[in-house]
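To keep things clear, I will list the structure first and then write my remarks on it.
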Amino acid sequence: MTEKKKAQIRLADGTVLEGWSFGYDGPCDGEVVFSTAMVGYPESLTDPSYSGQILCVTYPLIGNYGVPEEGADENGISINFESEKIWVRGLIISDYSENFSHWNAVKSLDSWLKEQKIPGIYGIDTRELTKILREKGSMLGMIVPEGVEKDFPVADPNLENQIAIVSTDRVIEYGSGEKTVVLVDCGVKHNILRCFVERGVRVVRVPWDYDFNTLEYDGLFISNGPGNPAFCNVTVANIRKAMKAGKPIFGICMGNQLLSMAAGASTFKLKYGHRSHNQPARMIGTGRCFITSQNHGFAVDDTRLGKDWEPWFVNMNDGTNEGIRHKSLPFRSVQFHPEASSGPTDTQFLFDEFISML
């Protein structure tokens with residue numbers, strides 16, 4: 001970057017913040033959300049759970065370690081990213097580092113955003129913006145470079161089925177092994193695929209609305225994903241059918257919400273969501289608390305779970321549900337990311353527990 005071009009963030013409540021444009025020279029709109037993670041912008045930007053959203057990163061310095069090489073391994077899984085493309089609609093940061101330095105970096109964040117046509121803005125007081133979002137809640141907004149005409153109203157991504165946008169449209173197989181897991185792709189992060197393949201499990205990845213009950217498998221996995229779970233009634237119905245077979249079921253993030261809906265619970269939208277690497281989740285009935293990575297805007301109302309179910313984890317910040325489990329059958333899920341990339345991996349043992357049930 002050489003010449004600086006002004007840009008604005010405009011929020012639905014009338015707030016306007018001025019900064020400088022970087023990345024793709026164009027406007028964008030979406031739901032403005034914030035993440036307090038200190039590292040991992042390549043992983044965050046490629047996380048399908050951010051579909052429809054403009055991401056504000058509170059950590060002040062972004063871009064200093066560049067962007068790693070793209071490409072896939074022998075299983076077709078992305079080497080360094082969480083999917084095949086950037087899913088955020090725009091990026092808001094405080095200080096952009098034009099000069100990057102990292103052994104794995106092959107390009108700058110600015111050039112990567114340009115390639116994928118994702119607008120960015122820097123020079124913003126991201127902590128002040130985060131205070132606004134915490135007090136008023138996540139809201140619609142836009143990034144508008146100087147000289148571009150764009151204003152409200154804009155479409156609300158929460159009124160669109162984001163899961164249908166990010167899910168695969170075909171059945172894909174990964175790895176090999178004696179055990180087979182059907183993975184319902186609601187917007188799966190590739191580190192989930194890596195965790196299964198590295199543990200010698202064959203994975204059959206299917207679209208979000210696919211009737212996987214027609215397949216032979218040893219366990220069912222329901223992935224993370226973006227947006228409102230209310231659009232996934234067909235997935236919930238398929239999960240209920242799978243429960244009758246009694247085979248192990250495990251869900252992460254959106255998977256927790258969909259399994260909970262299949263168990264009789266409802267979901268609700270959080271004021272500003274959980275998006276960070278430092279969410280404390282306590283295992284109910286114990287004194288064990290784990291620091292977890294999360295990315296979701298909806299939560300489970302576990303007071304409406306069926307009598308055969310119980311909450312498994314609880315968020316120590318706001319008391320919201322962080323997981324459920326069946327009292328007697330091998331069905332369970334968590335709202336956080338045990339496989340977090342980037343982020344803490346303290347709860348990866350949950351993958352081992354699930355695989356041991358197969």
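Residues in the structure tokens are named by chain (A, B, ... in the order shown) and by number from 1 within that chain; ligands are numbered from 1 in the order shown.
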7 Å contact set for region 208-213 of chain A, only C-alpha atoms, chain neighbours under 6 positions out, as a PDB file with C-alpha atoms, in the first residue's frame:
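File produced: out_2.pdb:
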```pdb
ATOM      1  CA  ALA A 164     -27.115 -23.164   2.979  1.00  0.00           C
ATOM      2  CA  SER A 167     -22.328 -25.865   3.212  1.00  0.00           C
ATOM      3  CA  VAL A 184     -23.132 -32.843   8.566  1.00  0.00           C
ATOM      4  CA  ASP A 185     -21.536 -29.753   7.019  1.00  0.00           C
ATOM      5  CA  CYS A 186     -23.192 -26.624   8.379  1.00  0.00           C
ATOM      6  CA  VAL A 234     -34.762 -30.351   7.945  1.00  0.00           C
ATOM      7  CA  THR A 235     -31.399 -31.036   9.641  1.00  0.00           C
ATOM      8  CA  ASN A 238     -32.737 -35.890  10.277  1.00  0.00           C
ATOM      9  CA  ALA A 242     -30.636 -40.690  13.724  1.00  0.00           C
TER      10      ALA A 242
END
```
Would you mind listing, for every residue of region 241-276 of chain A within 12 Å of region 294-304 of chain A, the two atoms forming the shortest contact and the distance between them in Å to one decimal, using only C-alpha atoms, sorted by chain and ascending residue number, as a tab-separated table?
```
residue	atom	partner	partner_atom	distance
A:Ile252	CA	A:Gln294	CA	9.9
A:Cys253	CA	A:His296	CA	7.0
A:Met254	CA	A:His296	CA	7.7
A:Gly255	CA	A:Val300	CA	10.9
A:Asn256	CA	A:Val300	CA	7.9
A:Gln257	CA	A:Val300	CA	5.9
A:Leu258	CA	A:Val300	CA	9.2
A:Leu259	CA	A:Val300	CA	9.9
A:Ser260	CA	A:Val300	CA	7.0
A:Met261	CA	A:Val300	CA	8.3
A:Ala262	CA	A:Arg304	CA	11.2
A:Ala263	CA	A:Arg304	CA	8.7
A:Gly264	CA	A:Arg304	CA	6.3
A:Ala265	CA	A:Arg304	CA	4.6
A:Ser266	CA	A:Asp301	CA	5.5
A:Thr267	CA	A:Val300	CA	4.4
A:Phe268	CA	A:Phe298	CA	5.5
A:Lys269	CA	A:Phe298	CA	4.3
A:Leu270	CA	A:Phe298	CA	5.3
A:Lys271	CA	A:Gly297	CA	7.8
A:Tyr272	CA	A:Gly297	CA	6.6
A:Gly273	CA	A:Gly297	CA	4.1
A:His274	CA	A:Asn295	CA	5.6
A:Arg275	CA	A:Asn295	CA	4.3
A:Ser276	CA	A:Gln294	CA	5.6
```
Using C-alpha atoms, can you write the selected residues to a file as a compact mmCIF listing (two decimals), in the first residue's frame?
```txt
# COMPACT_ATOMS: atom_id res chain seq x y z
CA ILE A 252 -19.84 -28.47 17.89
CA CYS A 253 -21.14 -24.87 17.95
CA MET A 254 -24.06 -24.87 15.50
CA GLY A 255 -24.06 -28.63 16.07
CA ASN A 256 -24.84 -27.97 19.75
CA GLN A 257 -27.79 -25.79 18.80
CA LEU A 258 -29.21 -28.27 16.27
CA LEU A 259 -28.82 -31.26 18.61
CA SER A 260 -30.49 -29.22 21.36
CA MET A 261 -33.40 -28.40 19.07
CA ALA A 262 -33.72 -32.10 18.26
CA ALA A 263 -33.78 -32.69 22.04
CA GLY A 264 -36.68 -30.27 22.50
CA ALA A 265 -34.86 -27.04 23.40
CA SER A 266 -35.06 -23.67 21.66
CA THR A 267 -32.40 -21.11 20.74
CA PHE A 268 -32.14 -17.34 21.05
CA LYS A 269 -29.92 -14.59 19.68
CA LEU A 270 -27.23 -13.27 21.99
CA LYS A 271 -26.81 -9.52 22.34
CA TYR A 272 -23.32 -9.54 20.85
CA GLY A 273 -22.31 -13.20 20.71
CA HIS A 274 -19.20 -15.07 21.82
CA ARG A 275 -16.22 -14.59 19.52
CA SER A 276 -12.85 -15.04 21.19
```
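Of the listed residues A:Phe336, A:Phe349, A:Tyr96, A:Trp312, the one whose atoms come nearest to Asn64 (chain A) is A:Tyr96, with distances taken using only C-alpha atoms.
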Distance query Val106 (chain A) at most 8 Å, only C-alpha atoms, self and fewer than 4 positions along chain excluded, as a list in words: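 That gives Gly66, Val67, Pro68 and Glu69 of chain A.
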For those residues, write N, CA, C and O atoms to a file as a PDB file, in the first residue's frame.
```pdb
ATOM      1  N   GLY A  66       1.619 -11.556   8.208  1.00  0.00           N
ATOM      2  CA  GLY A  66       1.253 -11.872   6.834  1.00  0.00           C
ATOM      3  C   GLY A  66       0.225 -12.972   6.705  1.00  0.00           C
ATOM      4  O   GLY A  66      -0.562 -13.229   7.616  1.00  0.00           O
ATOM      5  N   VAL A  67       0.240 -13.640   5.550  1.00  0.00           N
ATOM      6  CA  VAL A  67      -0.722 -14.693   5.236  1.00  0.00           C
ATOM      7  C   VAL A  67       0.037 -15.894   4.688  1.00  0.00           C
ATOM      8  O   VAL A  67       0.897 -15.743   3.813  1.00  0.00           O
ATOM      9  N   PRO A  68      -0.249 -17.100   5.186  1.00  0.00           N
ATOM     10  CA  PRO A  68       0.485 -18.285   4.720  1.00  0.00           C
ATOM     11  C   PRO A  68       0.018 -18.760   3.351  1.00  0.00           C
ATOM     12  O   PRO A  68      -0.943 -18.243   2.769  1.00  0.00           O
ATOM     13  N   GLU A  69       0.679 -19.787   2.863  1.00  0.00           N
ATOM     14  CA  GLU A  69       0.398 -20.354   1.547  1.00  0.00           C
ATOM     15  C   GLU A  69      -0.969 -21.037   1.517  1.00  0.00           C
ATOM     16  O   GLU A  69      -1.385 -21.669   2.488  1.00  0.00           O
TER      17      GLU A  69
END
```
Sel. of alpha helix (DSSP H) residues, region 22-236 of chain A, as a PyMOL selection string: chain A and resi 41-45+109-115+126-136+162-166+190-198+233-236
Selected residues written out, N, CA and C atoms, as a short mmCIF file (atom, residue, chain, number, x, y, z; two decimals), in the first residue's frame:
```cif
data_model
loop_
_atom_site.label_atom_id
_atom_site.label_comp_id
_atom_site.auth_asym_id
_atom_site.auth_seq_id
_atom_site.Cartn_x
_atom_site.Cartn_y
_atom_site.Cartn_z
N TYR A 41 -5.82 -14.30 12.56
CA TYR A 41 -6.70 -13.67 11.57
C TYR A 41 -6.84 -14.49 10.28
N PRO A 42 -5.82 -15.24 9.80
CA PRO A 42 -6.09 -16.06 8.61
C PRO A 42 -7.15 -17.13 8.87
N GLU A 43 -7.12 -17.73 10.07
CA GLU A 43 -8.11 -18.75 10.41
C GLU A 43 -9.49 -18.14 10.59
N SER A 44 -9.55 -16.98 11.26
CA SER A 44 -10.84 -16.34 11.49
C SER A 44 -11.50 -15.90 10.19
N LEU A 45 -10.73 -15.28 9.31
CA LEU A 45 -11.31 -14.78 8.06
C LEU A 45 -11.86 -15.90 7.20
N LEU A 109 -1.60 -9.27 4.20
CA LEU A 109 -3.04 -9.31 4.42
C LEU A 109 -3.75 -8.42 3.41
N ASP A 110 -3.18 -7.27 3.12
CA ASP A 110 -3.78 -6.34 2.15
C ASP A 110 -3.94 -6.99 0.78
N SER A 111 -2.89 -7.66 0.29
CA SER A 111 -2.98 -8.27 -1.04
C SER A 111 -3.95 -9.45 -1.05
N TRP A 112 -4.02 -10.19 0.05
CA TRP A 112 -4.96 -11.32 0.16
C TRP A 112 -6.41 -10.82 0.11
N LEU A 113 -6.69 -9.76 0.85
CA LEU A 113 -8.04 -9.18 0.81
C LEU A 113 -8.38 -8.67 -0.59
N LYS A 114 -7.41 -8.07 -1.25
CA LYS A 114 -7.64 -7.59 -2.62
C LYS A 114 -7.98 -8.76 -3.54
N GLU A 115 -7.21 -9.85 -3.44
CA GLU A 115 -7.44 -11.03 -4.29
C GLU A 115 -8.86 -11.57 -4.11
N THR A 126 -10.97 0.43 17.55
CA THR A 126 -11.78 -0.79 17.59
C THR A 126 -12.32 -1.07 18.98
N ARG A 127 -11.65 -0.59 20.02
CA ARG A 127 -12.16 -0.80 21.37
C ARG A 127 -13.40 0.06 21.63
N GLU A 128 -13.40 1.26 21.08
CA GLU A 128 -14.60 2.10 21.20
C GLU A 128 -15.75 1.49 20.41
N LEU A 129 -15.46 0.99 19.21
CA LEU A 129 -16.49 0.33 18.41
C LEU A 129 -17.04 -0.89 19.15
N THR A 130 -16.16 -1.63 19.79
CA THR A 130 -16.59 -2.80 20.55
C THR A 130 -17.49 -2.40 21.72
N LYS A 131 -17.16 -1.30 22.38
CA LYS A 131 -18.02 -0.80 23.48
C LYS A 131 -19.43 -0.49 22.96
N ILE A 132 -19.50 0.09 21.79
CA ILE A 132 -20.82 0.39 21.19
C ILE A 132 -21.59 -0.90 20.94
N LEU A 133 -20.90 -1.90 20.39
CA LEU A 133 -21.56 -3.17 20.06
C LEU A 133 -21.95 -3.93 21.33
N ARG A 134 -21.15 -3.81 22.37
CA ARG A 134 -21.51 -4.46 23.64
C ARG A 134 -22.72 -3.80 24.29
N GLU A 135 -22.80 -2.48 24.21
CA GLU A 135 -23.89 -1.76 24.86
C GLU A 135 -25.20 -1.85 24.07
N LYS A 136 -25.08 -1.78 22.75
CA LYS A 136 -26.28 -1.77 21.91
C LYS A 136 -26.55 -3.10 21.22
N GLN A 162 -27.75 -18.73 6.16
CA GLN A 162 -26.31 -18.67 5.92
C GLN A 162 -25.70 -20.07 5.81
N ILE A 163 -26.29 -21.03 6.50
CA ILE A 163 -25.76 -22.39 6.46
C ILE A 163 -25.86 -22.96 5.05
N ALA A 164 -26.96 -22.69 4.36
CA ALA A 164 -27.12 -23.16 2.98
C ALA A 164 -26.07 -22.53 2.06
N ILE A 165 -25.62 -21.33 2.40
CA ILE A 165 -24.62 -20.63 1.59
C ILE A 165 -23.25 -21.27 1.74
N VAL A 166 -22.89 -21.67 2.98
CA VAL A 166 -21.52 -22.13 3.24
C VAL A 166 -21.34 -23.64 3.13
N HIS A 190 -11.99 -26.60 8.75
CA HIS A 190 -11.17 -27.71 8.27
C HIS A 190 -10.36 -28.37 9.37
N ASN A 191 -10.15 -27.68 10.49
CA ASN A 191 -9.41 -28.34 11.56
C ASN A 191 -10.23 -29.47 12.18
N ILE A 192 -11.54 -29.41 12.06
CA ILE A 192 -12.38 -30.53 12.50
C ILE A 192 -12.08 -31.75 11.63
N LEU A 193 -12.00 -31.53 10.32
CA LEU A 193 -11.64 -32.62 9.40
C LEU A 193 -10.26 -33.18 9.74
N ARG A 194 -9.31 -32.28 10.01
CA ARG A 194 -7.95 -32.71 10.35
C ARG A 194 -7.96 -33.58 11.61
N CYS A 195 -8.73 -33.16 12.61
CA CYS A 195 -8.77 -33.89 13.89
C CYS A 195 -9.27 -35.31 13.70
N PHE A 196 -10.24 -35.51 12.84
CA PHE A 196 -10.75 -36.86 12.60
C PHE A 196 -9.77 -37.69 11.78
N VAL A 197 -9.25 -37.12 10.69
CA VAL A 197 -8.34 -37.85 9.81
C VAL A 197 -7.07 -38.25 10.55
N GLU A 198 -6.54 -37.34 11.38
CA GLU A 198 -5.32 -37.63 12.14
C GLU A 198 -5.55 -38.76 13.14
N ASN A 233 -34.56 -26.73 10.09
CA ASN A 233 -35.54 -27.71 10.57
C ASN A 233 -35.37 -29.08 9.91
N VAL A 234 -34.96 -29.08 8.64
CA VAL A 234 -34.76 -30.35 7.95
C VAL A 234 -33.59 -31.11 8.57
N THR A 235 -32.54 -30.40 8.98
CA THR A 235 -31.40 -31.04 9.64
C THR A 235 -31.82 -31.59 10.99
N VAL A 236 -32.59 -30.81 11.73
CA VAL A 236 -33.07 -31.25 13.04
C VAL A 236 -33.91 -32.52 12.90
#
```
Which of region 118-338 of chain A DSSP labels strand (DSSP E or B), written as a PyMOL selection string: chain A and resi 119-122+139-145+172-174+179-185+201-207+219-222+249-252+266-283+289-301+309-315+321-326+331-334+337
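When only C-alpha atoms are used to measure the gap to Ile284 (chain A), the shortest distance among A:Ala230, A:Gly177, A:Leu305, A:Val314 belongs to A:Val314.
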Among the residues A:Leu11, A:Leu55, A:Leu17, A:Ala37, the one that comes closest to Ile86 (chain A) [using only C-alpha atoms]: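 Result for the nearest residue to Ile86 (chain A): A:Leu55.
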Nearest residue to Gly287 (chain A) from the set A:Pro27, A:Met316, A:Lys247, A:Thr168 (distances using only C-alpha atoms): A:Met316
For CA of Leu220 (chain A) and CA of Asp169 (chain A), the interatomic separation in Å (one decimal):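 Between CA of Leu220 (chain A) and CA of Asp169 (chain A) the gap works out to 18.4 Å.
With CA of Pro229 (chain A) on one side and CA of Asn161 (chain A) on the other, the separation reads 8.5 Å.
The residue that comes closest to Lys5 (chain A), out of A:Glu322, A:Glu146, A:Glu18, A:Asp308 and on the basis of only C-alpha atoms, is A:Glu146.
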